[in-house]
Amino acid sequence: MQTDISKIHTDTHKIHMDIAHIKFLFKQMLRIRRFEEKCAELYTEEKIRGFLHLYIGEEAIAVGIMQALKPEDAVFGTYREHGHALARGLSMDKVMSEMFGKVTGSSRGRGGSMHIFDVEKQFYGGNAIVAGALPLAVGLALANKMQNKKNVVVCFFGEGAVAEGEFHESLNLAKLWHLPILFVCENNGYAMGTALAISESEQHIFRKAQSYGLAAHAVDGMNVVEVESAASQYCNSIRNGDGPCLLECNTYRFRGHSMFDTQLYRKADEVDEWKSKGPIKKLKRWLEANDKLSADELIEIEDEVAAEINQAIVFAEGSQLEEISDLYLGVYAEEES
Amino acid sequence: MRNQSLTYREALRIAIEEAMNADERVVLLGEDVGNYGGCYAVSKGLSETFGSNRIIDTPLSESGFVGAGIGAAIGGMRPIVEIMTVNFSLLALDQIVNNAATIRHMSGNQVSIPLVIRMATGAGKQLAAQHSHSLENWYAHVPGIKVLTPATVADARYMLGMALKDPNPVMFFEHVMLYNESAAIPVPEDCPDMCSAIVRQTGTDISLVTYGGSLPKALEAARQLAQQDVSVEVIDLRSLRPLDTDTLFRSVDKTHRLLVVDEGWRTGSLAGELCALVAENCFWSLDAPPIRVCSEEVPIPYPKHLEDAVTPQVAKIVEAVLGLLKQEIVS
C-alpha cells in the first residue's frame, strides 16, 4: 500500500503532491462518504425521497478528477453525482437542501438527488438518462473550441452508458472535431444489476475509446492519487490542443444501485473484498503508515466534516419549500438571449 | 415581376444567411448541410460563404449532433440544427424531450438553451412511411420547447430569425410541399410575432383552423366554398406551442363553427386538442359540433393515389364544411 501511492506521485506520473494536498484529498473523500451515509439515514427518515444513488466506494474518482480542473472548466455528472457536486466545490448546504426539495437547493429543489446543477461552478448536472449527457458535453466543448476558449469539459458516466449509442456517437464527434473534452468512465462493474461481462463483448472500456482514436487508458479508481495524476496529464494534453481523452476508472459501489436494491446479482464476499481496498481506507492506511496522520488529526477532520454536514442539515431543514405559485418558473425563459 | 418573387426554400436560406452574418454565434449543423447543400437544398451554397467551421456536416448520429447542439447552446453559441425529416428526429427524441425541454426547469432556471431545431415534415412527395409523417404535434405536447410551423414565404423568411432570438429551444417544422411555394418578396411586417396566429382570410360562417402544409389547401377550399356562398375564416396557427388561443376563440365566437385541418393522425392529434379547447371555452357560442379533417390512420403509403387518400385534401375539406352546414339545416 505504501509503495503503491508514493510510487505514483513521485515516479510514474511525475506530478508533485505534498502531504497537505494528500490530506486535502483524504478530507474531500471523507466529506462525500459521511455526507452520503447521512443521506441514507435521512432517506429512511423520509426526509429525502425519490431515487437516491450513493457514490460510496467511488469517491476517489470525483475527488481525483476535480483536482485537475480550473474554475472555468465544465463538469457533467451522472445521476450518482453527489460526489461530483461536492468535489467540484458546490456548497454542501445547497446540495443537501436540493435533496430536501427546498427552494434554497442548488436547483431550487426542482431536481433532487439526480439533478444537482450549479452554473456558477460550471456544474451542469445531474443527468438521469444514461449516456444522455455525453452529447451535451461534446456540444459544450464544441462551443468552447469555436469561441477559442481553452477550457476543458469533463463528462462522467458509468460503464453502463457504453452500451448506449450516444457513447459511440459522442466519442466519434469529439475525435472528429478534435474537441477539448475528457470522458471519465466510472466502471463499477454493474449497470444497475447487470454485470459488465454479460452486457459487453469488449470489457475494457478504454479500448473502445482507443478505437475512435482517443488517448485512453484505465487506472485504479480506488486510488485517488493515481486518478488525479492521470486526470492532470490528460487535462494538460487537452489544454495543449491535443484533442479528447478518456480515462477509465475501475471502481466499485459498496451500496446498492439505489435505496431499493436487494443486490441479488452479487455476492457479499465480492463486496467485502472491494471494501477492503476502498479509496478512503487505502489512503488512510498510507498516511498512517507514513506517520502523516495522527489519531488526533483524524478526529479533527472527522469533527470538521460532521460539523459541515450538521450545518447542511440545519440549513436544509430551515429552508422554505418553493411557492406553488412559482411552479411554472423556468419552464420557459422570458428574456431575449 | 418574376425576379421579385422568392421561394419558401430561398426565404429560409436568406434567413439563415442573415442570422449568420448578424451574429457569429450562429452555426448550422446537420447531415449533409454543407457539401451536399442540404437534403432539401435549403443550405445550398452556405458552406462556400461561411466555411465548414460554421456550416458543419455531421455524421448520421441524430442523437449525438442534436445533443451537441443543445450543449453548444449551453456554451454560448446559437446553433441551428437541421434534421432531414421529422421521422429521423425520433432518433434524437431523447435529447429533445429529456434534455432540451427539461434542463432549464430541472436546474431551477439556471441553464439557458437558445437553440433552433429545423426539420422537414409531412407527406406529398411519395416518400412512403418513413419519410412522410407529421409528428409535430408530438413535440407540441412537451412543455419547455416551442413549436413553430411556418406556412408562408414571409414566415419562412422572418420566423427563423425570431426563433434564433428566443432564449428557448424552438422546433421549426418545414412542410415538404412548401419548399417550392413562391410569393412576392416579403417585408418584416408580413411576419408578426412568431407565437401569434394569423387570420389569413376573414369570414363569417365557419373558422377553419390549420397550420403548415395544410394552409394552401385550406385557402383553396375557402375559395371554392366562397363560390357556394359559404364565408370561411382561415386561421393559420403558425405556433403549435404556445397556442394563440385568443385568436382561435375570437374567431369561433364570431363564426360559431370550427373545422380543424391537421395532417397528423386523428387519434391524439393537435386537432383534438383544439376541438377540446373550443368546446371548453366557446361552448355557448357554438352552433355546431367542432369537426376535424385529419390524416387517415395508416402509415403513409407510396402510390400517389393512396398517399392523397390518407392526407387532408381540398375536396375533403369542402365536403366537411358543406356537410356540417347541411346537417344544421336538416336539424
# chains A, B, ... in the order shown; residues from 1 in each chain; ligands from 1
call {"tool": "select_by_dssp", "arguments": {"residues": "segment 218-322 of chain B", "states": "helix (DSSP H, G or I)", "output": "VMD selection string"}}
result
chain B and resid 218 to 226 245 to 255 270 to 285 304 to 310 314 to 322
call {"tool": "write_last_selection", "arguments": {"atoms": "N, CA and C atoms", "output": "compact mmCIF listing (two decimals), in the first residue's frame"}}
result
# COMPACT_ATOMS: atom_id res chain seq x y z
N ALA B 218 -56.31 24.72 -47.27
CA ALA B 218 -57.41 25.38 -46.57
C ALA B 218 -57.85 26.63 -47.33
N LEU B 219 -56.87 27.38 -47.84
CA LEU B 219 -57.22 28.62 -48.57
C LEU B 219 -57.93 28.29 -49.88
N GLU B 220 -57.50 27.23 -50.53
CA GLU B 220 -58.16 26.82 -51.77
C GLU B 220 -59.59 26.35 -51.48
N ALA B 221 -59.75 25.60 -50.39
CA ALA B 221 -61.09 25.14 -50.01
C ALA B 221 -61.98 26.35 -49.73
N ALA B 222 -61.43 27.34 -49.06
CA ALA B 222 -62.20 28.55 -48.72
C ALA B 222 -62.63 29.26 -50.00
N ARG B 223 -61.74 29.28 -50.99
CA ARG B 223 -62.06 29.94 -52.27
C ARG B 223 -63.23 29.22 -52.95
N GLN B 224 -63.15 27.89 -52.96
CA GLN B 224 -64.23 27.12 -53.60
C GLN B 224 -65.55 27.28 -52.85
N LEU B 225 -65.46 27.33 -51.53
CA LEU B 225 -66.67 27.47 -50.72
C LEU B 225 -67.30 28.85 -50.91
N ALA B 226 -66.46 29.85 -51.14
CA ALA B 226 -66.99 31.20 -51.37
C ALA B 226 -67.90 31.22 -52.60
N THR B 245 -54.58 30.98 -28.36
CA THR B 245 -55.99 30.64 -28.18
C THR B 245 -56.89 31.87 -28.30
N ASP B 246 -56.35 33.04 -28.02
CA ASP B 246 -57.18 34.26 -28.13
C ASP B 246 -57.73 34.41 -29.54
N THR B 247 -56.83 34.28 -30.52
CA THR B 247 -57.26 34.42 -31.92
C THR B 247 -58.27 33.32 -32.27
N LEU B 248 -58.00 32.13 -31.80
CA LEU B 248 -58.88 30.99 -32.07
C LEU B 248 -60.28 31.23 -31.49
N PHE B 249 -60.34 31.60 -30.23
CA PHE B 249 -61.64 31.77 -29.57
C PHE B 249 -62.41 32.96 -30.15
N ARG B 250 -61.66 34.03 -30.46
CA ARG B 250 -62.31 35.21 -31.03
C ARG B 250 -63.00 34.86 -32.34
N SER B 251 -62.31 34.05 -33.13
CA SER B 251 -62.86 33.67 -34.43
C SER B 251 -64.10 32.78 -34.26
N VAL B 252 -63.98 31.79 -33.39
CA VAL B 252 -65.11 30.86 -33.21
C VAL B 252 -66.31 31.60 -32.60
N ASP B 253 -66.03 32.55 -31.71
CA ASP B 253 -67.13 33.33 -31.13
C ASP B 253 -67.86 34.14 -32.21
N LYS B 254 -67.13 34.43 -33.29
CA LYS B 254 -67.74 35.19 -34.39
C LYS B 254 -68.48 34.27 -35.36
N THR B 255 -67.82 33.15 -35.74
CA THR B 255 -68.40 32.27 -36.79
C THR B 255 -69.30 31.18 -36.22
N LEU B 270 -53.30 17.17 -32.48
CA LEU B 270 -53.43 18.56 -32.10
C LEU B 270 -54.85 19.04 -32.42
N ALA B 271 -55.41 18.51 -33.52
CA ALA B 271 -56.78 18.86 -33.89
C ALA B 271 -57.74 18.53 -32.75
N GLY B 272 -57.50 17.39 -32.12
CA GLY B 272 -58.34 17.00 -30.98
C GLY B 272 -58.21 18.00 -29.84
N GLU B 273 -56.98 18.45 -29.60
CA GLU B 273 -56.74 19.43 -28.54
C GLU B 273 -57.47 20.74 -28.84
N LEU B 274 -57.41 21.18 -30.11
CA LEU B 274 -58.07 22.43 -30.49
C LEU B 274 -59.58 22.32 -30.30
N CYS B 275 -60.14 21.17 -30.70
CA CYS B 275 -61.58 20.98 -30.53
C CYS B 275 -61.95 21.00 -29.05
N ALA B 276 -61.11 20.37 -28.23
CA ALA B 276 -61.38 20.35 -26.79
C ALA B 276 -61.32 21.77 -26.23
N LEU B 277 -60.32 22.54 -26.65
CA LEU B 277 -60.19 23.91 -26.16
C LEU B 277 -61.42 24.74 -26.52
N VAL B 278 -61.87 24.55 -27.76
CA VAL B 278 -63.04 25.32 -28.21
C VAL B 278 -64.30 24.85 -27.45
N ALA B 279 -64.40 23.54 -27.26
CA ALA B 279 -65.56 23.03 -26.52
C ALA B 279 -65.57 23.58 -25.09
N GLU B 280 -64.38 23.66 -24.48
CA GLU B 280 -64.29 24.15 -23.10
C GLU B 280 -64.56 25.65 -23.00
N ASN B 281 -64.11 26.38 -24.02
CA ASN B 281 -64.10 27.85 -23.90
C ASN B 281 -65.15 28.57 -24.72
N CYS B 282 -65.67 27.93 -25.75
CA CYS B 282 -66.62 28.62 -26.64
C CYS B 282 -67.93 27.84 -26.76
N PHE B 283 -68.18 26.97 -25.81
CA PHE B 283 -69.32 26.05 -25.94
C PHE B 283 -70.63 26.76 -26.25
N TRP B 284 -70.90 27.86 -25.55
CA TRP B 284 -72.19 28.53 -25.69
C TRP B 284 -72.30 29.37 -26.95
N SER B 285 -71.16 29.55 -27.62
CA SER B 285 -71.30 30.29 -28.88
C SER B 285 -71.28 29.35 -30.09
N LYS B 304 -49.22 7.50 -55.31
CA LYS B 304 -49.78 8.84 -55.22
C LYS B 304 -51.25 8.84 -54.78
N HIS B 305 -52.04 7.97 -55.42
CA HIS B 305 -53.48 8.00 -55.12
C HIS B 305 -53.76 7.59 -53.68
N LEU B 306 -52.92 6.68 -53.16
CA LEU B 306 -53.13 6.27 -51.76
C LEU B 306 -52.59 7.33 -50.80
N GLU B 307 -51.48 7.92 -51.16
CA GLU B 307 -50.92 8.98 -50.32
C GLU B 307 -51.95 10.12 -50.20
N ASP B 308 -52.53 10.50 -51.35
CA ASP B 308 -53.54 11.56 -51.34
C ASP B 308 -54.78 11.17 -50.53
N ALA B 309 -55.07 9.87 -50.58
CA ALA B 309 -56.26 9.42 -49.85
C ALA B 309 -56.05 9.50 -48.35
N VAL B 310 -54.80 9.44 -47.92
CA VAL B 310 -54.51 9.49 -46.48
C VAL B 310 -54.60 10.92 -45.95
N VAL B 314 -58.30 19.21 -50.52
CA VAL B 314 -59.26 20.31 -50.66
C VAL B 314 -60.70 19.78 -50.72
N ALA B 315 -60.91 18.74 -51.52
CA ALA B 315 -62.27 18.22 -51.70
C ALA B 315 -62.84 17.74 -50.36
N LYS B 316 -61.98 17.10 -49.58
CA LYS B 316 -62.41 16.59 -48.27
C LYS B 316 -62.79 17.73 -47.33
N ILE B 317 -62.01 18.79 -47.41
CA ILE B 317 -62.26 19.95 -46.54
C ILE B 317 -63.60 20.60 -46.93
N VAL B 318 -63.79 20.79 -48.24
CA VAL B 318 -65.03 21.40 -48.74
C VAL B 318 -66.23 20.55 -48.32
N GLU B 319 -66.07 19.27 -48.50
CA GLU B 319 -67.15 18.33 -48.16
C GLU B 319 -67.49 18.41 -46.66
N ALA B 320 -66.45 18.48 -45.86
CA ALA B 320 -66.66 18.53 -44.41
C ALA B 320 -67.42 19.78 -44.01
N VAL B 321 -67.05 20.91 -44.62
CA VAL B 321 -67.73 22.17 -44.29
C VAL B 321 -69.19 22.11 -44.74
N LEU B 322 -69.40 21.68 -45.99
CA LEU B 322 -70.78 21.63 -46.50
C LEU B 322 -71.61 20.64 -45.70
call {"tool": "residues_around", "arguments": {"residues": "Trp265 of chain B", "least_positions_apart": "6", "cutoff": "10 Å", "atoms": "only C-alpha atoms", "output": "list of chain:residue names"}}
result
B:His133, B:Ser134, B:Leu135, B:Asn137, B:Ala271, B:Gly272, B:Val293, B:Cys294, B:Ser295, B:Glu296, B:Glu297, B:Val298, B:Pro299, B:Val310, B:Thr311
call {"tool": "write_last_selection", "arguments": {"atoms": "N, CA and C atoms", "output": "PDB file, in the first residue's frame"}}
result
ATOM      1  N   HIS B 133     -44.286  11.486 -42.376  1.00  0.00           N
ATOM      2  CA  HIS B 133     -45.276  11.716 -41.325  1.00  0.00           C
ATOM      3  C   HIS B 133     -45.242  13.140 -40.777  1.00  0.00           C
ATOM      4  N   SER B 134     -46.309  13.473 -40.118  1.00  0.00           N
ATOM      5  CA  SER B 134     -46.426  14.790 -39.478  1.00  0.00           C
ATOM      6  C   SER B 134     -46.490  14.558 -37.974  1.00  0.00           C
ATOM      7  N   LEU B 135     -45.351  14.643 -37.338  1.00  0.00           N
ATOM      8  CA  LEU B 135     -45.298  14.319 -35.908  1.00  0.00           C
ATOM      9  C   LEU B 135     -45.094  15.557 -35.042  1.00  0.00           C
ATOM     10  N   ASN B 137     -47.094  17.467 -33.708  1.00  0.00           N
ATOM     11  CA  ASN B 137     -47.929  17.606 -32.514  1.00  0.00           C
ATOM     12  C   ASN B 137     -47.397  16.778 -31.344  1.00  0.00           C
ATOM     13  N   ALA B 271     -55.409  18.508 -33.522  1.00  0.00           N
ATOM     14  CA  ALA B 271     -56.785  18.863 -33.892  1.00  0.00           C
ATOM     15  C   ALA B 271     -57.739  18.526 -32.752  1.00  0.00           C
ATOM     16  N   GLY B 272     -57.502  17.386 -32.116  1.00  0.00           N
ATOM     17  CA  GLY B 272     -58.340  17.002 -30.975  1.00  0.00           C
ATOM     18  C   GLY B 272     -58.215  18.002 -29.839  1.00  0.00           C
ATOM     19  N   VAL B 293     -60.653  17.458 -40.045  1.00  0.00           N
ATOM     20  CA  VAL B 293     -60.143  16.684 -41.184  1.00  0.00           C
ATOM     21  C   VAL B 293     -58.680  16.395 -40.877  1.00  0.00           C
ATOM     22  N   CYS B 294     -58.389  15.114 -40.649  1.00  0.00           N
ATOM     23  CA  CYS B 294     -57.020  14.713 -40.292  1.00  0.00           C
ATOM     24  C   CYS B 294     -56.562  13.641 -41.273  1.00  0.00           C
ATOM     25  N   SER B 295     -55.347  13.125 -41.046  1.00  0.00           N
ATOM     26  CA  SER B 295     -54.895  12.021 -41.892  1.00  0.00           C
ATOM     27  C   SER B 295     -55.583  10.721 -41.471  1.00  0.00           C
ATOM     28  N   GLU B 296     -55.794   9.853 -42.476  1.00  0.00           N
ATOM     29  CA  GLU B 296     -56.322   8.524 -42.183  1.00  0.00           C
ATOM     30  C   GLU B 296     -55.296   7.773 -41.337  1.00  0.00           C
ATOM     31  N   GLU B 297     -55.798   6.853 -40.533  1.00  0.00           N
ATOM     32  CA  GLU B 297     -54.906   6.214 -39.570  1.00  0.00           C
ATOM     33  C   GLU B 297     -54.169   5.019 -40.172  1.00  0.00           C
ATOM     34  N   VAL B 298     -53.350   5.313 -41.150  1.00  0.00           N
ATOM     35  CA  VAL B 298     -52.464   4.299 -41.736  1.00  0.00           C
ATOM     36  C   VAL B 298     -51.080   4.939 -41.920  1.00  0.00           C
ATOM     37  N   PRO B 299     -50.027   4.115 -41.900  1.00  0.00           N
ATOM     38  CA  PRO B 299     -48.718   4.668 -42.274  1.00  0.00           C
ATOM     39  C   PRO B 299     -48.832   5.198 -43.700  1.00  0.00           C
ATOM     40  N   VAL B 310     -54.803   9.439 -47.921  1.00  0.00           N
ATOM     41  CA  VAL B 310     -54.511   9.490 -46.483  1.00  0.00           C
ATOM     42  C   VAL B 310     -54.597  10.919 -45.952  1.00  0.00           C
ATOM     43  N   THR B 311     -53.992  11.863 -46.661  1.00  0.00           N
ATOM     44  CA  THR B 311     -53.826  13.207 -46.099  1.00  0.00           C
ATOM     45  C   THR B 311     -55.022  14.105 -46.433  1.00  0.00           C
TER      46      THR B 311
END
call {"tool": "interface_residues", "arguments": {"of": "chain B", "to": "chain A", "cutoff": "9 Å", "atoms": "only C-alpha atoms", "output": "MDAnalysis selection string"}}
result
chainID B and resid 25 53:54 58:77 94:95 98:99 101:112 114 143:146 164:169
call {"tool": "residues_around", "arguments": {"residues": "segment 300-307 of chain A", "least_positions_apart": "6", "cutoff": "8 Å", "atoms": "only C-alpha atoms", "output": "PyMOL selection string"}}
result
chain A and resi 27+30-31+34
call {"tool": "atom_distance", "arguments": {"atom1": "atom CA of Ile48 of chain A", "atom2": "atom CA of Met92 of chain A"}}
result
14.9 Å
call {"tool": "select_by_dssp", "arguments": {"residues": "segment 108-267 of chain A", "states": "strand (DSSP E or B)", "output": "PyMOL selection string"}}
result
chain A and resi 117-118+123-124+153-158+181-187+190-191+194-195+215-220+245-250
call {"tool": "decode", "arguments": {"residues": "segment 113-167 of chain B", "atoms": "C-alpha atoms", "output": "PDB file, in the first residue's frame"}}
result
ATOM      1  CA  ILE B 113     -30.777  26.623 -24.223  1.00  0.00           C
ATOM      2  CA  PRO B 114     -31.205  29.071 -27.112  1.00  0.00           C
ATOM      3  CA  LEU B 115     -31.437  26.538 -29.919  1.00  0.00           C
ATOM      4  CA  VAL B 116     -33.382  26.098 -33.151  1.00  0.00           C
ATOM      5  CA  ILE B 117     -34.011  22.599 -34.483  1.00  0.00           C
ATOM      6  CA  ARG B 118     -35.289  22.677 -38.067  1.00  0.00           C
ATOM      7  CA  MET B 119     -36.694  19.756 -39.983  1.00  0.00           C
ATOM      8  CA  ALA B 120     -38.867  18.767 -42.901  1.00  0.00           C
ATOM      9  CA  THR B 121     -42.249  17.277 -42.168  1.00  0.00           C
ATOM     10  CA  GLY B 122     -45.309  15.990 -43.959  1.00  0.00           C
ATOM     11  CA  ALA B 123     -46.404  13.977 -46.977  1.00  0.00           C
ATOM     12  CA  GLY B 124     -46.883  14.647 -50.671  1.00  0.00           C
ATOM     13  CA  LYS B 125     -43.642  13.549 -52.270  1.00  0.00           C
ATOM     14  CA  GLN B 126     -44.362   9.803 -52.376  1.00  0.00           C
ATOM     15  CA  LEU B 127     -41.639   9.091 -49.865  1.00  0.00           C
ATOM     16  CA  ALA B 128     -43.684   6.380 -48.092  1.00  0.00           C
ATOM     17  CA  ALA B 129     -43.987   5.541 -44.443  1.00  0.00           C
ATOM     18  CA  GLN B 130     -40.583   6.505 -43.046  1.00  0.00           C
ATOM     19  CA  HIS B 131     -40.196   9.974 -44.569  1.00  0.00           C
ATOM     20  CA  SER B 132     -43.695  11.450 -44.719  1.00  0.00           C
ATOM     21  CA  HIS B 133     -45.276  11.716 -41.325  1.00  0.00           C
ATOM     22  CA  SER B 134     -46.426  14.790 -39.478  1.00  0.00           C
ATOM     23  CA  LEU B 135     -45.298  14.319 -35.908  1.00  0.00           C
ATOM     24  CA  GLU B 136     -45.014  17.966 -34.895  1.00  0.00           C
ATOM     25  CA  ASN B 137     -47.929  17.606 -32.514  1.00  0.00           C
ATOM     26  CA  TRP B 138     -45.889  15.077 -30.502  1.00  0.00           C
ATOM     27  CA  TYR B 139     -43.434  17.866 -29.835  1.00  0.00           C
ATOM     28  CA  ALA B 140     -46.244  20.320 -29.149  1.00  0.00           C
ATOM     29  CA  HIS B 141     -47.201  18.041 -26.254  1.00  0.00           C
ATOM     30  CA  VAL B 142     -43.981  18.859 -24.404  1.00  0.00           C
ATOM     31  CA  PRO B 143     -43.585  21.912 -22.141  1.00  0.00           C
ATOM     32  CA  GLY B 144     -40.183  23.593 -22.313  1.00  0.00           C
ATOM     33  CA  ILE B 145     -39.909  23.774 -26.080  1.00  0.00           C
ATOM     34  CA  LYS B 146     -41.667  25.973 -28.628  1.00  0.00           C
ATOM     35  CA  VAL B 147     -43.038  24.534 -31.852  1.00  0.00           C
ATOM     36  CA  LEU B 148     -43.321  26.638 -34.991  1.00  0.00           C
ATOM     37  CA  THR B 149     -44.833  25.717 -38.336  1.00  0.00           C
ATOM     38  CA  PRO B 150     -44.165  28.470 -40.887  1.00  0.00           C
ATOM     39  CA  ALA B 151     -46.617  28.083 -43.759  1.00  0.00           C
ATOM     40  CA  THR B 152     -45.823  31.090 -45.920  1.00  0.00           C
ATOM     41  CA  VAL B 153     -42.772  32.543 -47.627  1.00  0.00           C
ATOM     42  CA  ALA B 154     -42.905  35.525 -45.299  1.00  0.00           C
ATOM     43  CA  ASP B 155     -42.894  33.277 -42.234  1.00  0.00           C
ATOM     44  CA  ALA B 156     -40.047  31.203 -43.642  1.00  0.00           C
ATOM     45  CA  ARG B 157     -38.162  34.441 -44.234  1.00  0.00           C
ATOM     46  CA  TYR B 158     -38.654  36.045 -40.827  1.00  0.00           C
ATOM     47  CA  MET B 159     -39.737  33.451 -38.268  1.00  0.00           C
ATOM     48  CA  LEU B 160     -36.344  31.751 -38.221  1.00  0.00           C
ATOM     49  CA  GLY B 161     -34.634  34.949 -37.086  1.00  0.00           C
ATOM     50  CA  MET B 162     -37.247  35.334 -34.347  1.00  0.00           C
ATOM     51  CA  ALA B 163     -36.715  31.721 -33.293  1.00  0.00           C
ATOM     52  CA  LEU B 164     -32.976  32.345 -33.032  1.00  0.00           C
ATOM     53  CA  LYS B 165     -33.541  35.369 -30.801  1.00  0.00           C
ATOM     54  CA  ASP B 166     -35.775  33.340 -28.499  1.00  0.00           C
ATOM     55  CA  PRO B 167     -33.940  32.100 -25.398  1.00  0.00           C
TER      56      PRO B 167
END
